[in-house]
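File shown: my_file_18.pdb (PDB, C-alpha atoms).
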MODEL        1
ATOM      1  CA  MET A   1     226.554 -32.019-117.761  1.00  0.00           C
ATOM      2  CA  GLU A   2     224.298 -33.803-115.303  1.00  0.00           C
ATOM      3  CA  ILE A   3     220.672 -34.845-115.473  1.00  0.00           C
ATOM      4  CA  LEU A   4     218.572 -34.476-112.333  1.00  0.00           C
ATOM      5  CA  ALA A   5     214.920 -34.943-111.458  1.00  0.00           C
ATOM      6  CA  VAL A   6     213.170 -31.606-111.098  1.00  0.00           C
ATOM      7  CA  ALA A   7     212.854 -30.091-107.635  1.00  0.00           C
ATOM      8  CA  ALA A   8     210.540 -27.304-106.475  1.00  0.00           C
ATOM      9  CA  ASP A   9     213.326 -24.713-106.794  1.00  0.00           C
ATOM     10  CA  ASP A  10     213.802 -25.600-110.491  1.00  0.00           C
ATOM     11  CA  HIS A  11     210.503 -24.089-111.630  1.00  0.00           C
ATOM     12  CA  ASP A  12     211.906 -21.009-113.384  1.00  0.00           C
ATOM     13  CA  ALA A  13     214.627 -22.980-115.185  1.00  0.00           C
ATOM     14  CA  TRP A  14     212.093 -25.592-116.280  1.00  0.00           C
ATOM     15  CA  LEU A  15     209.535 -22.956-117.333  1.00  0.00           C
ATOM     16  CA  HIS A  16     212.071 -21.271-119.625  1.00  0.00           C
ATOM     17  CA  LEU A  17     212.677 -24.578-121.442  1.00  0.00           C
ATOM     18  CA  TRP A  18     208.961 -25.490-121.418  1.00  0.00           C
ATOM     19  CA  GLN A  19     208.127 -22.192-123.114  1.00  0.00           C
ATOM     20  CA  GLY A  20     210.896 -22.783-125.665  1.00  0.00           C
ATOM     21  CA  TYR A  21     209.412 -26.209-126.385  1.00  0.00           C
ATOM     22  CA  GLN A  22     206.004 -24.654-126.981  1.00  0.00           C
ATOM     23  CA  ARG A  23     207.504 -22.062-129.343  1.00  0.00           C
ATOM     24  CA  PHE A  24     209.258 -24.853-131.265  1.00  0.00           C
ATOM     25  CA  TYR A  25     205.929 -26.623-131.800  1.00  0.00           C
ATOM     26  CA  ALA A  26     204.035 -23.345-132.369  1.00  0.00           C
ATOM     27  CA  THR A  27     201.578 -24.006-129.565  1.00  0.00           C
ATOM     28  CA  GLU A  28     200.444 -22.318-126.364  1.00  0.00           C
ATOM     29  CA  ILE A  29     199.528 -24.334-123.322  1.00  0.00           C
ATOM     30  CA  PRO A  30     197.325 -22.458-120.836  1.00  0.00           C
ATOM     31  CA  GLU A  31     199.095 -21.198-117.707  1.00  0.00           C
ATOM     32  CA  ALA A  32     196.717 -23.179-115.485  1.00  0.00           C
ATOM     33  CA  THR A  33     197.667 -26.403-117.283  1.00  0.00           C
ATOM     34  CA  THR A  34     201.356 -25.542-116.996  1.00  0.00           C
ATOM     35  CA  ALA A  35     200.962 -24.935-113.259  1.00  0.00           C
ATOM     36  CA  LEU A  36     199.088 -28.220-112.797  1.00  0.00           C
ATOM     37  CA  THR A  37     201.704 -30.085-114.815  1.00  0.00           C
ATOM     38  CA  TRP A  38     204.485 -28.692-112.621  1.00  0.00           C
ATOM     39  CA  GLN A  39     202.636 -29.787-109.473  1.00  0.00           C
ATOM     40  CA  ARG A  40     202.185 -33.274-110.922  1.00  0.00           C
ATOM     41  CA  PHE A  41     205.935 -33.566-111.520  1.00  0.00           C
ATOM     42  CA  LEU A  42     206.550 -32.840-107.838  1.00  0.00           C
ATOM     43  CA  ALA A  43     203.889 -35.216-106.465  1.00  0.00           C
ATOM     44  CA  ALA A  44     205.253 -38.608-105.404  1.00  0.00           C
ATOM     45  CA  ASP A  45     201.991 -40.401-106.259  1.00  0.00           C
ATOM     46  CA  GLU A  46     201.827 -39.172-109.857  1.00  0.00           C
ATOM     47  CA  PRO A  47     203.009 -41.237-112.856  1.00  0.00           C
ATOM     48  CA  MET A  48     204.378 -38.042-114.468  1.00  0.00           C
ATOM     49  CA  HIS A  49     208.079 -37.206-114.168  1.00  0.00           C
ATOM     50  CA  ALA A  50     210.513 -34.563-115.370  1.00  0.00           C
ATOM     51  CA  ALA A  51     214.266 -34.076-115.403  1.00  0.00           C
ATOM     52  CA  LEU A  52     216.553 -31.244-116.404  1.00  0.00           C
ATOM     53  CA  ALA A  53     219.987 -31.397-117.985  1.00  0.00           C
ATOM     54  CA  TRP A  54     222.316 -28.949-116.227  1.00  0.00           C
ATOM     55  CA  GLN A  55     225.590 -27.513-117.435  1.00  0.00           C
ATOM     56  CA  ASP A  56     227.570 -24.890-115.535  1.00  0.00           C
ATOM     57  CA  GLY A  57     224.562 -24.123-113.313  1.00  0.00           C
ATOM     58  CA  ARG A  58     222.190 -23.583-116.257  1.00  0.00           C
ATOM     59  CA  ALA A  59     219.331 -25.834-117.355  1.00  0.00           C
ATOM     60  CA  ILE A  60     219.991 -26.699-121.009  1.00  0.00           C
ATOM     61  CA  GLY A  61     217.453 -29.457-121.633  1.00  0.00           C
ATOM     62  CA  MET A  62     214.304 -31.027-120.266  1.00  0.00           C
ATOM     63  CA  VAL A  63     212.444 -34.286-120.610  1.00  0.00           C
ATOM     64  CA  HIS A  64     209.004 -35.404-119.397  1.00  0.00           C
ATOM     65  CA  TRP A  65     207.795 -38.987-119.177  1.00  0.00           C
ATOM     66  CA  ILE A  66     204.680 -40.779-118.006  1.00  0.00           C
ATOM     67  CA  PHE A  67     204.226 -44.373-116.889  1.00  0.00           C
ATOM     68  CA  HIS A  68     200.997 -46.004-118.039  1.00  0.00           C
ATOM     69  CA  ARG A  69     199.321 -49.403-118.139  1.00  0.00           C
ATOM     70  CA  SER A  70     199.182 -51.572-121.233  1.00  0.00           C
ATOM     71  CA  CYS A  71     196.841 -54.354-122.242  1.00  0.00           C
ATOM     72  CA  TRP A  72     199.833 -56.108-123.828  1.00  0.00           C
ATOM     73  CA  THR A  73     202.110 -56.464-120.799  1.00  0.00           C
ATOM     74  CA  GLU A  74     201.945 -57.006-117.067  1.00  0.00           C
ATOM     75  CA  GLY A  75     204.170 -54.019-116.405  1.00  0.00           C
ATOM     76  CA  ASN A  76     203.818 -50.422-117.456  1.00  0.00           C
ATOM     77  CA  TYR A  77     204.968 -48.705-120.605  1.00  0.00           C
ATOM     78  CA  CYS A  78     206.799 -45.410-120.447  1.00  0.00           C
ATOM     79  CA  TYR A  79     205.705 -42.566-122.710  1.00  0.00           C
ATOM     80  CA  LEU A  80     208.413 -39.979-123.319  1.00  0.00           C
ATOM     81  CA  GLN A  81     206.087 -37.047-123.868  1.00  0.00           C
ATOM     82  CA  ASP A  82     208.302 -33.978-124.202  1.00  0.00           C
ATOM     83  CA  LEU A  83     211.978 -33.495-125.012  1.00  0.00           C
ATOM     84  CA  PHE A  84     213.670 -30.147-125.563  1.00  0.00           C
ATOM     85  CA  VAL A  85     217.271 -28.972-125.722  1.00  0.00           C
ATOM     86  CA  ASP A  86     218.335 -25.332-125.768  1.00  0.00           C
ATOM     87  CA  GLU A  87     219.223 -24.249-129.307  1.00  0.00           C
ATOM     88  CA  GLN A  88     222.719 -23.180-128.231  1.00  0.00           C
ATOM     89  CA  VAL A  89     223.718 -26.736-127.297  1.00  0.00           C
ATOM     90  CA  ARG A  90     221.792 -28.852-129.797  1.00  0.00           C
ATOM     91  CA  GLY A  91     223.870 -31.467-131.535  1.00  0.00           C
ATOM     92  CA  SER A  92     226.117 -31.984-128.512  1.00  0.00           C
ATOM     93  CA  GLY A  93     224.508 -35.205-127.223  1.00  0.00           C
ATOM     94  CA  ILE A  94     222.167 -33.647-124.667  1.00  0.00           C
ATOM     95  CA  GLY A  95     219.004 -34.983-126.341  1.00  0.00           C
ATOM     96  CA  ARG A  96     220.447 -38.485-126.494  1.00  0.00           C
ATOM     97  CA  ALA A  97     221.502 -38.268-122.839  1.00  0.00           C
ATOM     98  CA  LEU A  98     217.991 -37.171-121.822  1.00  0.00           C
ATOM     99  CA  ILE A  99     216.421 -40.074-123.736  1.00  0.00           C
ATOM    100  CA  GLU A 100     218.885 -42.512-122.186  1.00  0.00           C
ATOM    101  CA  HIS A 101     217.992 -41.065-118.771  1.00  0.00           C
ATOM    102  CA  VAL A 102     214.355 -41.966-119.444  1.00  0.00           C
ATOM    103  CA  TYR A 103     215.419 -45.450-120.611  1.00  0.00           C
ATOM    104  CA  ALA A 104     217.205 -45.939-117.272  1.00  0.00           C
ATOM    105  CA  GLN A 105     214.244 -44.648-115.255  1.00  0.00           C
ATOM    106  CA  ALA A 106     211.888 -46.941-117.191  1.00  0.00           C
ATOM    107  CA  ARG A 107     214.123 -49.980-116.627  1.00  0.00           C
ATOM    108  CA  GLN A 108     214.339 -49.175-112.918  1.00  0.00           C
ATOM    109  CA  ALA A 109     210.532 -48.926-112.738  1.00  0.00           C
ATOM    110  CA  GLY A 110     210.081 -52.258-114.538  1.00  0.00           C
ATOM    111  CA  ALA A 111     208.590 -50.794-117.710  1.00  0.00           C
ATOM    112  CA  SER A 112     208.954 -52.950-120.809  1.00  0.00           C
ATOM    113  CA  ARG A 113     208.935 -50.164-123.385  1.00  0.00           C
ATOM    114  CA  VAL A 114     209.675 -46.483-123.895  1.00  0.00           C
ATOM    115  CA  HIS A 115     207.798 -44.856-126.754  1.00  0.00           C
ATOM    116  CA  TRP A 116     207.301 -41.344-128.089  1.00  0.00           C
ATOM    117  CA  LEU A 117     206.003 -39.267-130.974  1.00  0.00           C
ATOM    118  CA  THR A 118     207.505 -36.484-132.987  1.00  0.00           C
ATOM    119  CA  HIS A 119     206.223 -34.353-135.792  1.00  0.00           C
ATOM    120  CA  GLU A 120     207.158 -35.551-139.275  1.00  0.00           C
ATOM    121  CA  SER A 121     208.868 -32.220-139.929  1.00  0.00           C
ATOM    122  CA  ASN A 122     211.282 -32.749-137.009  1.00  0.00           C
ATOM    123  CA  THR A 123     213.817 -34.394-139.319  1.00  0.00           C
ATOM    124  CA  THR A 124     216.913 -33.368-137.362  1.00  0.00           C
ATOM    125  CA  ALA A 125     215.665 -35.066-134.190  1.00  0.00           C
ATOM    126  CA  MET A 126     214.499 -38.071-136.203  1.00  0.00           C
ATOM    127  CA  GLN A 127     218.091 -38.713-137.274  1.00  0.00           C
ATOM    128  CA  LEU A 128     218.914 -39.293-133.599  1.00  0.00           C
ATOM    129  CA  TYR A 129     215.726 -41.247-132.906  1.00  0.00           C
ATOM    130  CA  ASP A 130     216.409 -43.609-135.804  1.00  0.00           C
ATOM    131  CA  ARG A 131     219.795 -44.463-134.215  1.00  0.00           C
ATOM    132  CA  ILE A 132     218.584 -45.132-130.671  1.00  0.00           C
ATOM    133  CA  ALA A 133     215.095 -46.609-131.159  1.00  0.00           C
ATOM    134  CA  GLU A 134     213.030 -48.414-133.745  1.00  0.00           C
ATOM    135  CA  ARG A 135     210.319 -46.802-135.845  1.00  0.00           C
ATOM    136  CA  PRO A 136     207.482 -49.357-135.902  1.00  0.00           C
ATOM    137  CA  GLY A 137     205.483 -47.716-138.693  1.00  0.00           C
ATOM    138  CA  PHE A 138     202.323 -46.947-136.754  1.00  0.00           C
ATOM    139  CA  VAL A 139     200.350 -43.859-137.719  1.00  0.00           C
ATOM    140  CA  GLN A 140     198.737 -41.752-135.018  1.00  0.00           C
ATOM    141  CA  TYR A 141     195.053 -40.858-135.195  1.00  0.00           C
ATOM    142  CA  ARG A 142     193.415 -38.504-132.742  1.00  0.00           C
ATOM    143  CA  LYS A 143     190.317 -36.458-132.152  1.00  0.00           C
ATOM    144  CA  LYS A 144     190.197 -33.526-129.779  1.00  0.00           C
ATOM    145  CA  LEU A 145     187.274 -33.671-127.397  1.00  0.00           C
TER
ENDMDL
END

Can you turn what I pasted into structure tokens?
Amino acid sequence: MEILAVAADDHDAWLHLWQGYQRFYATEIPEATTALTWQRFLAADEPMHAALAWQDGRAIGMVHWIFHRSCWTEGNYCYLQDLFVDEQVRGSGIGRALIEHVYAQARQAGASRVHWLTHESNTTAMQLYDRIAERPGFVQYRKKL
């Protein structure tokens, strides 16, 4: 298994995983937003990034992360926004490897923190998250505009 930054030719492999991620969270992201997101991943001047985990020529996992400013540090934080592993290979360390890939990218970029959210019902993933990160106890509030 290897983890590589997405390239233009990876669109179909990424899209398959992206759609699986949306099904997992029972949501639909408009096609125009998906297309814009893909273009952002490929643009060198964007703070948005994506990588795919590959095994035997097949994409089996994806991760997206975004660098952003913080009022608490001089350097950026890194938000791990989306993580998805194909159902057929879950539990084999791919999710952990993708998170550790983001940790490495964040360190290289000088970020002081990687953070992410998950739904409270995602208990299987939370077992991994509790081993490789700390849960600070903050509660998310949001309002759609």

List, as a JSON list (two decimals) with C-alpha atoms, keeping the file's coordinate frame, every residue that the PyMOL selection byres ((chain A and resi 46-61) around 10) selects in the file provided.
[["chain", "number", "residue", "atom", "x", "y", "z"],
["A", 1, "MET", "CA", 226.55, -32.02, -117.76],
["A", 2, "GLU", "CA", 224.30, -33.80, -115.30],
["A", 3, "ILE", "CA", 220.67, -34.84, -115.47],
["A", 4, "LEU", "CA", 218.57, -34.48, -112.33],
["A", 5, "ALA", "CA", 214.92, -34.94, -111.46],
["A", 6, "VAL", "CA", 213.17, -31.61, -111.10],
["A", 7, "ALA", "CA", 212.85, -30.09, -107.64],
["A", 10, "ASP", "CA", 213.80, -25.60, -110.49],
["A", 12, "ASP", "CA", 211.91, -21.01, -113.38],
["A", 13, "ALA", "CA", 214.63, -22.98, -115.18],
["A", 14, "TRP", "CA", 212.09, -25.59, -116.28],
["A", 16, "HIS", "CA", 212.07, -21.27, -119.62],
["A", 17, "LEU", "CA", 212.68, -24.58, -121.44],
["A", 18, "TRP", "CA", 208.96, -25.49, -121.42],
["A", 21, "TYR", "CA", 209.41, -26.21, -126.38],
["A", 37, "THR", "CA", 201.70, -30.08, -114.82],
["A", 38, "TRP", "CA", 204.48, -28.69, -112.62],
["A", 39, "GLN", "CA", 202.64, -29.79, -109.47],
["A", 40, "ARG", "CA", 202.18, -33.27, -110.92],
["A", 41, "PHE", "CA", 205.94, -33.57, -111.52],
["A", 42, "LEU", "CA", 206.55, -32.84, -107.84],
["A", 43, "ALA", "CA", 203.89, -35.22, -106.46],
["A", 44, "ALA", "CA", 205.25, -38.61, -105.40],
["A", 45, "ASP", "CA", 201.99, -40.40, -106.26],
["A", 62, "MET", "CA", 214.30, -31.03, -120.27],
["A", 63, "VAL", "CA", 212.44, -34.29, -120.61],
["A", 64, "HIS", "CA", 209.00, -35.40, -119.40],
["A", 65, "TRP", "CA", 207.80, -38.99, -119.18],
["A", 66, "ILE", "CA", 204.68, -40.78, -118.01],
["A", 67, "PHE", "CA", 204.23, -44.37, -116.89],
["A", 68, "HIS", "CA", 201.00, -46.00, -118.04],
["A", 78, "CYS", "CA", 206.80, -45.41, -120.45],
["A", 79, "TYR", "CA", 205.70, -42.57, -122.71],
["A", 80, "LEU", "CA", 208.41, -39.98, -123.32],
["A", 81, "GLN", "CA", 206.09, -37.05, -123.87],
["A", 82, "ASP", "CA", 208.30, -33.98, -124.20],
["A", 83, "LEU", "CA", 211.98, -33.49, -125.01],
["A", 84, "PHE", "CA", 213.67, -30.15, -125.56],
["A", 85, "VAL", "CA", 217.27, -28.97, -125.72],
["A", 86, "ASP", "CA", 218.34, -25.33, -125.77],
["A", 87, "GLU", "CA", 219.22, -24.25, -129.31],
["A", 88, "GLN", "CA", 222.72, -23.18, -128.23],
["A", 89, "VAL", "CA", 223.72, -26.74, -127.30],
["A", 90, "ARG", "CA", 221.79, -28.85, -129.80],
["A", 94, "ILE", "CA", 222.17, -33.65, -124.67],
["A", 95, "GLY", "CA", 219.00, -34.98, -126.34],
["A", 97, "ALA", "CA", 221.50, -38.27, -122.84],
["A", 98, "LEU", "CA", 217.99, -37.17, -121.82],
["A", 101, "HIS", "CA", 217.99, -41.06, -118.77],
["A", 102, "VAL", "CA", 214.36, -41.97, -119.44],
["A", 105, "GLN", "CA", 214.24, -44.65, -115.26]]

For this session: Check the smallest atom-to-atom distance from each of A:Ala104, A:Arg135, A:Gln19, A:Leu128 to A:Ser92 using all atoms listed in the file, then report the winner.
Result: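 Among the listed residues, the smallest separation from A:Ser92 belongs to A:Leu128.
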
Problem set entry | Residues in the PyMOL selection byres ((chain A and resi 117) around 12), expressed as number ranges by chain | A: 65, 79-83, 114-116, 118-122, 125-126, 129, 133-141

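Reported to one decimal place, the separation of atom CA of A:Ile99 from atom CA of A:His11 is 20.9 Å.
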
Closest atom pairs, residues of stretch 95-120 of chain A within 10 Å of stretch 70-75 of chain A, all atoms listed in the file, as a Markdown table:
| residue | atom | partner | partner_atom | distance |
| --- | --- | --- | --- | --- |
| A:Ala109 | CA | A:Gly75 | CA | 8.9 |
| A:Gly110 | CA | A:Gly75 | CA | 6.4 |
| A:Ala111 | CA | A:Gly75 | CA | 5.6 |
| A:Ser112 | CA | A:Gly75 | CA | 6.6 |
| A:Arg113 | CA | A:Gly75 | CA | 9.3 |

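Take atom CA of A:Ala35 and atom CA of A:Leu15: the distance between them is 9.7 Å.
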
For this session: Could you check how far atom CA of A:Glu31 sits from atom CA of A:Tyr77, in Å to one decimal?
Result: 28.3 Å
